[in-house]
Every structure is written in structure tokens, then in C-alpha cells.
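Q: Below is the file input_11.cif, with mmCIF, N, CA and C atoms.
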data_work
#
loop_
_atom_site.label_atom_id
_atom_site.label_comp_id
_atom_site.auth_asym_id
_atom_site.auth_seq_id
_atom_site.Cartn_x
_atom_site.Cartn_y
_atom_site.Cartn_z
N MET B 101 -43.21 31.09 40.72
CA MET B 101 -44.64 31.25 40.53
C MET B 101 -45.25 29.97 39.98
N GLU B 102 -44.55 29.36 39.06
CA GLU B 102 -45.04 28.15 38.43
C GLU B 102 -45.07 26.99 39.43
N ASN B 103 -44.16 26.99 40.41
CA ASN B 103 -44.08 25.94 41.41
C ASN B 103 -45.31 25.97 42.32
N LYS B 104 -45.77 27.16 42.70
CA LYS B 104 -46.95 27.28 43.55
C LYS B 104 -48.19 26.77 42.81
N ASN B 105 -48.28 27.03 41.54
CA ASN B 105 -49.41 26.59 40.74
C ASN B 105 -49.45 25.06 40.67
N ASN B 106 -48.29 24.44 40.55
CA ASN B 106 -48.21 22.98 40.51
C ASN B 106 -48.63 22.37 41.85
N LYS B 107 -48.26 23.03 42.96
CA LYS B 107 -48.65 22.53 44.28
C LYS B 107 -50.16 22.60 44.44
N GLY B 108 -50.77 23.67 43.96
CA GLY B 108 -52.22 23.80 44.05
C GLY B 108 -52.93 22.74 43.23
N ILE B 109 -52.43 22.47 42.04
CA ILE B 109 -53.02 21.43 41.19
C ILE B 109 -52.81 20.06 41.83
N ASN B 110 -51.64 19.84 42.44
CA ASN B 110 -51.36 18.57 43.10
C ASN B 110 -52.31 18.35 44.28
N ARG B 111 -52.56 19.39 45.07
CA ARG B 111 -53.49 19.27 46.20
C ARG B 111 -54.91 19.00 45.71
N LEU B 112 -55.32 19.70 44.67
CA LEU B 112 -56.64 19.51 44.10
C LEU B 112 -56.79 18.07 43.60
N PHE B 113 -55.76 17.57 42.96
CA PHE B 113 -55.79 16.19 42.46
C PHE B 113 -55.93 15.20 43.61
N LYS B 114 -55.19 15.40 44.70
CA LYS B 114 -55.27 14.52 45.86
C LYS B 114 -56.66 14.56 46.49
N ILE B 115 -57.24 15.74 46.59
CA ILE B 115 -58.58 15.87 47.16
C ILE B 115 -59.60 15.15 46.28
N MET B 116 -59.47 15.32 44.96
CA MET B 116 -60.40 14.67 44.04
C MET B 116 -60.27 13.14 44.12
N VAL B 117 -59.06 12.63 44.23
CA VAL B 117 -58.85 11.18 44.36
C VAL B 117 -59.47 10.69 45.67
N LEU B 118 -59.28 11.43 46.75
CA LEU B 118 -59.86 11.05 48.04
C LEU B 118 -61.38 11.05 47.97
N LEU B 119 -61.96 12.07 47.37
CA LEU B 119 -63.41 12.13 47.23
C LEU B 119 -63.93 10.99 46.35
N PHE B 120 -63.19 10.66 45.32
CA PHE B 120 -63.59 9.55 44.44
C PHE B 120 -63.55 8.23 45.19
N ILE B 121 -62.56 8.02 46.03
CA ILE B 121 -62.46 6.80 46.82
C ILE B 121 -63.63 6.71 47.80
N VAL B 122 -63.96 7.83 48.45
CA VAL B 122 -65.10 7.85 49.37
C VAL B 122 -66.38 7.52 48.60
N PHE B 123 -66.52 8.12 47.43
CA PHE B 123 -67.70 7.84 46.59
C PHE B 123 -67.78 6.36 46.24
N LEU B 124 -66.66 5.77 45.84
CA LEU B 124 -66.67 4.35 45.48
C LEU B 124 -67.04 3.47 46.68
N CYS B 125 -66.56 3.82 47.85
CA CYS B 125 -66.90 3.04 49.04
C CYS B 125 -68.40 3.11 49.32
N LEU B 126 -68.95 4.31 49.30
CA LEU B 126 -70.38 4.46 49.56
C LEU B 126 -71.22 3.80 48.47
N TYR B 127 -70.76 3.89 47.25
CA TYR B 127 -71.49 3.29 46.14
C TYR B 127 -71.47 1.76 46.24
N SER B 128 -70.33 1.20 46.63
CA SER B 128 -70.24 -0.25 46.76
C SER B 128 -71.13 -0.75 47.90
N ILE B 129 -71.25 0.03 48.96
CA ILE B 129 -72.14 -0.35 50.05
C ILE B 129 -73.57 -0.41 49.55
N SER B 130 -73.95 0.58 48.76
CA SER B 130 -75.33 0.59 48.25
C SER B 130 -75.55 -0.55 47.25
N LEU B 131 -74.54 -0.89 46.46
CA LEU B 131 -74.69 -1.99 45.50
C LEU B 131 -74.77 -3.34 46.19
N ASN B 132 -74.10 -3.49 47.29
CA ASN B 132 -74.09 -4.77 47.98
C ASN B 132 -75.39 -5.03 48.74
N GLY B 133 -76.31 -4.10 48.69
CA GLY B 133 -77.62 -4.33 49.27
C GLY B 133 -77.68 -4.23 50.77
N TYR B 134 -76.87 -3.38 51.37
CA TYR B 134 -76.87 -3.23 52.82
C TYR B 134 -78.25 -2.81 53.32
N VAL B 135 -78.82 -1.81 52.68
CA VAL B 135 -80.13 -1.32 53.11
C VAL B 135 -81.22 -2.35 52.81
N GLU B 136 -81.11 -3.02 51.67
CA GLU B 136 -82.09 -4.05 51.33
C GLU B 136 -82.06 -5.19 52.35
N ASN B 137 -80.89 -5.54 52.81
CA ASN B 137 -80.76 -6.60 53.81
C ASN B 137 -81.43 -6.19 55.12
N ILE B 138 -81.26 -4.95 55.52
CA ILE B 138 -81.90 -4.46 56.74
C ILE B 138 -83.41 -4.50 56.58
N ASN B 139 -83.92 -4.06 55.43
CA ASN B 139 -85.37 -4.07 55.20
C ASN B 139 -85.91 -5.49 55.14
N LYS B 140 -85.14 -6.42 54.58
CA LYS B 140 -85.57 -7.83 54.54
C LYS B 140 -85.69 -8.39 55.94
N ASP B 141 -84.74 -8.05 56.80
CA ASP B 141 -84.80 -8.52 58.18
C ASP B 141 -86.02 -7.96 58.90
N LYS B 142 -86.35 -6.70 58.65
CA LYS B 142 -87.54 -6.09 59.25
C LYS B 142 -88.80 -6.80 58.78
N THR B 143 -88.86 -7.12 57.48
CA THR B 143 -90.02 -7.80 56.93
C THR B 143 -90.18 -9.18 57.55
N LEU B 144 -89.08 -9.89 57.69
CA LEU B 144 -89.11 -11.22 58.29
C LEU B 144 -89.61 -11.13 59.73
N TYR B 145 -89.13 -10.16 60.46
CA TYR B 145 -89.56 -9.98 61.85
C TYR B 145 -91.05 -9.66 61.89
N THR B 146 -91.52 -8.82 60.99
CA THR B 146 -92.93 -8.45 60.96
C THR B 146 -93.80 -9.66 60.64
N GLU B 147 -93.39 -10.50 59.70
CA GLU B 147 -94.15 -11.70 59.37
C GLU B 147 -94.22 -12.64 60.57
N GLU B 148 -93.13 -12.77 61.31
CA GLU B 148 -93.14 -13.61 62.50
C GLU B 148 -94.09 -13.05 63.55
N GLN B 149 -94.13 -11.74 63.69
CA GLN B 149 -95.02 -11.11 64.66
C GLN B 149 -96.48 -11.29 64.26
N ILE B 150 -96.79 -11.25 62.97
CA ILE B 150 -98.15 -11.46 62.49
C ILE B 150 -98.60 -12.88 62.82
N LYS B 151 -97.72 -13.86 62.58
CA LYS B 151 -98.05 -15.24 62.91
C LYS B 151 -98.27 -15.41 64.41
N GLN B 152 -97.44 -14.78 65.21
CA GLN B 152 -97.60 -14.85 66.67
C GLN B 152 -98.92 -14.22 67.10
N PHE B 153 -99.29 -13.09 66.49
CA PHE B 153 -100.56 -12.44 66.79
C PHE B 153 -101.74 -13.35 66.44
N GLU B 154 -101.69 -13.95 65.26
CA GLU B 154 -102.78 -14.84 64.85
C GLU B 154 -102.89 -16.03 65.79
N ASN B 155 -101.78 -16.60 66.22
CA ASN B 155 -101.81 -17.71 67.17
C ASN B 155 -102.41 -17.28 68.51
N ASP B 156 -102.05 -16.10 68.97
CA ASP B 156 -102.58 -15.61 70.23
C ASP B 156 -104.09 -15.37 70.14
N VAL B 157 -104.57 -14.87 68.99
CA VAL B 157 -106.01 -14.66 68.81
C VAL B 157 -106.73 -16.00 68.80
N LEU B 158 -106.17 -16.99 68.09
CA LEU B 158 -106.80 -18.31 68.04
C LEU B 158 -106.83 -18.99 69.41
N ASN B 159 -105.79 -18.78 70.20
CA ASN B 159 -105.72 -19.41 71.52
C ASN B 159 -106.47 -18.61 72.58
N GLY B 160 -106.96 -17.42 72.23
CA GLY B 160 -107.72 -16.61 73.17
C GLY B 160 -106.86 -15.93 74.22
N GLU B 161 -105.60 -15.72 73.94
CA GLU B 161 -104.72 -15.07 74.91
C GLU B 161 -104.96 -13.56 74.88
N GLU B 162 -104.46 -12.91 75.93
CA GLU B 162 -104.60 -11.45 76.02
C GLU B 162 -103.69 -10.80 74.98
N ILE B 163 -104.23 -9.80 74.29
CA ILE B 163 -103.50 -9.13 73.21
C ILE B 163 -102.92 -7.82 73.74
N ASP B 164 -101.60 -7.65 73.57
CA ASP B 164 -100.92 -6.41 73.95
C ASP B 164 -100.14 -5.93 72.73
N ILE B 165 -100.43 -4.72 72.27
CA ILE B 165 -99.82 -4.21 71.04
C ILE B 165 -98.30 -4.12 71.17
N ASN B 166 -97.78 -3.85 72.34
CA ASN B 166 -96.33 -3.73 72.53
C ASN B 166 -95.62 -5.06 72.28
N LYS B 167 -96.35 -6.14 72.40
CA LYS B 167 -95.77 -7.46 72.19
C LYS B 167 -95.50 -7.72 70.71
N TYR B 168 -96.21 -7.01 69.83
CA TYR B 168 -96.14 -7.27 68.40
C TYR B 168 -95.47 -6.16 67.58
N THR B 169 -95.07 -5.10 68.21
CA THR B 169 -94.44 -4.00 67.47
C THR B 169 -92.93 -4.17 67.44
N LEU B 170 -92.32 -3.52 66.45
CA LEU B 170 -90.86 -3.57 66.33
C LEU B 170 -90.22 -2.76 67.44
N PRO B 171 -89.09 -3.22 67.95
CA PRO B 171 -88.39 -2.41 68.95
C PRO B 171 -87.86 -1.13 68.30
N GLU B 172 -87.67 -0.12 69.11
CA GLU B 172 -87.19 1.16 68.59
C GLU B 172 -85.80 1.00 68.00
N GLN B 173 -85.64 1.48 66.78
CA GLN B 173 -84.35 1.38 66.10
C GLN B 173 -83.45 2.54 66.51
N VAL B 174 -82.20 2.25 66.76
CA VAL B 174 -81.23 3.27 67.10
C VAL B 174 -80.58 3.75 65.81
N ASP B 175 -80.54 5.06 65.64
CA ASP B 175 -79.93 5.65 64.44
C ASP B 175 -78.44 5.86 64.71
N TYR B 176 -77.60 5.13 63.98
CA TYR B 176 -76.16 5.22 64.19
C TYR B 176 -75.48 6.21 63.26
N SER B 177 -76.26 6.94 62.49
CA SER B 177 -75.64 7.91 61.60
C SER B 177 -75.07 9.06 62.42
N ASN B 178 -73.99 9.60 61.91
CA ASN B 178 -73.36 10.73 62.59
C ASN B 178 -72.96 11.76 61.53
N ASP B 179 -72.28 12.80 61.96
CA ASP B 179 -71.92 13.88 61.04
C ASP B 179 -71.00 13.39 59.93
N VAL B 180 -70.10 12.47 60.25
CA VAL B 180 -69.16 11.98 59.24
C VAL B 180 -69.88 11.16 58.18
N SER B 181 -70.78 10.26 58.60
CA SER B 181 -71.50 9.47 57.62
C SER B 181 -72.46 10.34 56.80
N ASN B 182 -73.07 11.33 57.44
CA ASN B 182 -73.95 12.25 56.70
C ASN B 182 -73.14 13.08 55.70
N LEU B 183 -71.94 13.50 56.10
CA LEU B 183 -71.08 14.25 55.19
C LEU B 183 -70.69 13.38 54.00
N GLY B 184 -70.33 12.14 54.25
CA GLY B 184 -69.98 11.23 53.17
C GLY B 184 -71.14 11.01 52.22
N GLU B 185 -72.33 10.88 52.77
CA GLU B 185 -73.52 10.70 51.92
C GLU B 185 -73.80 11.95 51.10
N ASN B 186 -73.64 13.12 51.71
CA ASN B 186 -73.86 14.38 50.98
C ASN B 186 -72.83 14.56 49.87
N ILE B 187 -71.58 14.21 50.16
CA ILE B 187 -70.54 14.30 49.13
C ILE B 187 -70.83 13.33 48.00
N SER B 188 -71.27 12.14 48.35
CA SER B 188 -71.62 11.16 47.33
C SER B 188 -72.77 11.66 46.45
N ASP B 189 -73.77 12.25 47.06
CA ASP B 189 -74.89 12.82 46.29
C ASP B 189 -74.41 13.95 45.39
N LEU B 190 -73.50 14.78 45.90
CA LEU B 190 -72.97 15.90 45.10
C LEU B 190 -72.17 15.38 43.91
N ILE B 191 -71.34 14.38 44.13
CA ILE B 191 -70.56 13.80 43.04
C ILE B 191 -71.48 13.16 42.01
N ASP B 192 -72.51 12.47 42.48
CA ASP B 192 -73.48 11.85 41.58
C ASP B 192 -74.19 12.91 40.74
N TYR B 193 -74.63 13.99 41.39
CA TYR B 193 -75.32 15.07 40.67
C TYR B 193 -74.38 15.71 39.64
N ALA B 194 -73.14 16.02 40.04
CA ALA B 194 -72.20 16.67 39.13
C ALA B 194 -71.84 15.76 37.95
N SER B 195 -71.65 14.48 38.23
CA SER B 195 -71.29 13.57 37.13
C SER B 195 -72.46 13.40 36.17
N ASN B 196 -73.69 13.35 36.69
CA ASN B 196 -74.86 13.26 35.81
C ASN B 196 -74.99 14.50 34.94
N LYS B 197 -74.78 15.68 35.52
CA LYS B 197 -74.85 16.92 34.75
C LYS B 197 -73.75 16.96 33.69
N ALA B 198 -72.52 16.57 34.08
CA ALA B 198 -71.40 16.59 33.14
C ALA B 198 -71.64 15.62 31.99
N LEU B 199 -72.09 14.42 32.31
CA LEU B 199 -72.36 13.44 31.25
C LEU B 199 -73.50 13.91 30.35
N GLY B 200 -74.50 14.53 30.93
CA GLY B 200 -75.60 15.08 30.13
C GLY B 200 -75.11 16.15 29.18
N ALA B 201 -74.22 17.02 29.67
CA ALA B 201 -73.67 18.07 28.83
C ALA B 201 -72.80 17.48 27.71
N ILE B 202 -72.02 16.49 28.03
CA ILE B 202 -71.16 15.85 27.02
C ILE B 202 -72.01 15.18 25.95
N VAL B 203 -73.05 14.47 26.38
CA VAL B 203 -73.92 13.79 25.42
C VAL B 203 -74.64 14.79 24.53
N SER B 204 -75.11 15.88 25.11
CA SER B 204 -75.79 16.88 24.29
C SER B 204 -74.81 17.56 23.33
N PHE B 205 -73.57 17.78 23.76
CA PHE B 205 -72.56 18.37 22.89
C PHE B 205 -72.25 17.43 21.72
N ILE B 206 -72.11 16.15 22.03
CA ILE B 206 -71.85 15.17 20.97
C ILE B 206 -73.05 15.07 20.04
N GLY B 207 -74.25 15.18 20.60
CA GLY B 207 -75.45 15.16 19.77
C GLY B 207 -75.49 16.33 18.81
N VAL B 208 -75.03 17.50 19.25
CA VAL B 208 -74.98 18.68 18.36
C VAL B 208 -73.97 18.47 17.25
N LEU B 209 -72.85 17.81 17.56
CA LEU B 209 -71.82 17.60 16.55
C LEU B 209 -72.29 16.68 15.43
N PHE B 210 -73.16 15.72 15.74
CA PHE B 210 -73.57 14.76 14.74
C PHE B 210 -74.89 15.09 14.07
N LYS B 211 -75.43 16.27 14.33
CA LYS B 211 -76.67 16.67 13.63
C LYS B 211 -76.38 17.14 12.24
#
Show me, as C-alpha cells, the structure contained in the file I just sent.
A:
Amino acid sequence: MENKNNKGINRLFKIMVLLFIVFLCLYSISLNGYVENINKDKTLYTEEQIKQFENDVLNGEEIDINKYTLPEQVDYSNDVSNLGENISDLIDYASNKALGAIVSFIGVLFK
């Protein structure tokens, strides 16, 4: 009976380690500014398009809105990446709640 209990704890530990590794990977991606880099590229492209529009107006060329808009972005997210993001959000929420509870418990002890 005790052996089965150890196997269950061992599996739970492995799952928690795997989830923690996934969380660290997603967190490091967000820290490295992946999304910020994408937004910076969009801003740069938009500024170039504004300059092109102003030049075309000054030169009296024909204006076509499709010439100055961003191309349609393809969404590469899939179920696996969405699942990883949801797990990361869940871990973040649980850790914030746990730390809040620990801090409030410690605060009660020192009153």
C-alpha cells in the first residue's frame, strides 16, 4: 500500500517539475521582450509608411489606402501554445495567491 502512495507522489512531483519548466520557458520568452520586439517592428513599419504617404501627397501622386496599410498578420498560435499560456497564467495566479496567503500569515504572527 505504501509503495503505491510513493508512486503517486513521484508522478505528481514529475508533473510539477514539467509544469515548472514550461512556466520558466514561457516566462523567459516574455522577459526577453519577444512581444515588444514584434511591436517595435510594427511601429517602425508604420513610421516608414507615414513618410511614404507624406512624400506621395507632396509629389501629387495617386493615394491608395492599401499601399499604406500593414499586411495581414498570420496568427501562428495553436492549441499547444494556448495550453502553455493558460498553464503559465494558472501557475502565476496560484503562486500569487499562495505568496499572499503566506505574507498575510506571517503578518498575523508578528502583530
Q: One number please: atom C of Ser188 in chain B to atom C of Val203 in chain B, in Å, one decimal.
A: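 Between atom C of Ser188 in chain B and atom C of Val203 in chain B the gap is 22.2 Å.
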Q: I'd like the box whose edges run along x, y and z of the file and which contains every listed atom of range 140-158 of chain B, padded by 8 Å per side; could you state its centre and edge lengths in Å, one decimal, as JSON?
A:
{"center_x": -95.8, "center_y": -12.5, "center_z": 62.4, "size_x": 38.1, "size_y": 28.9, "size_z": 31.7}
Q: Assuming the chain letters and numbering stay as they are in my file, what does the PyMOL selection byres (((chain B and resi 146-155 and name CA) around 12) and name CA) actually select? List them as JSON, numbers by chain.
A: {"B": [139, 140, 141, 142, 143, 144, 145, 156, 157, 158, 159, 160, 161, 162, 163, 164, 165, 166, 167, 168, 169, 170, 171]}
Q: So that I can check the secondary structure, give me every residue of chain B assigned alpha helix (DSSP H) by backbone DSSP, as number ranges by chain.
A: B: 102-131, 134-159, 179-209
Q: List as a PyMOL selection string the protein and nucleic acid residues near range 113-125 of chain B, meaning an atom at most 8 Å away when only C-alpha atoms are counted, but skip any in the same chain fewer than 6 places from it.
A: chain B and resi 184+187-188+191
Q: How many Å separate atom C of Asp179 in chain B from atom N of Tyr127 in chain B?
A: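 Separation of atom C of Asp179 in chain B and atom N of Tyr127 in chain B: 15.8 Å.
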Q: What does the structure give for the distance between CA of Leu126 in chain B and CA of Asn178 in chain B, in Å to one decimal?
A: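 That distance, rounded to one decimal, is 14.8 Å.
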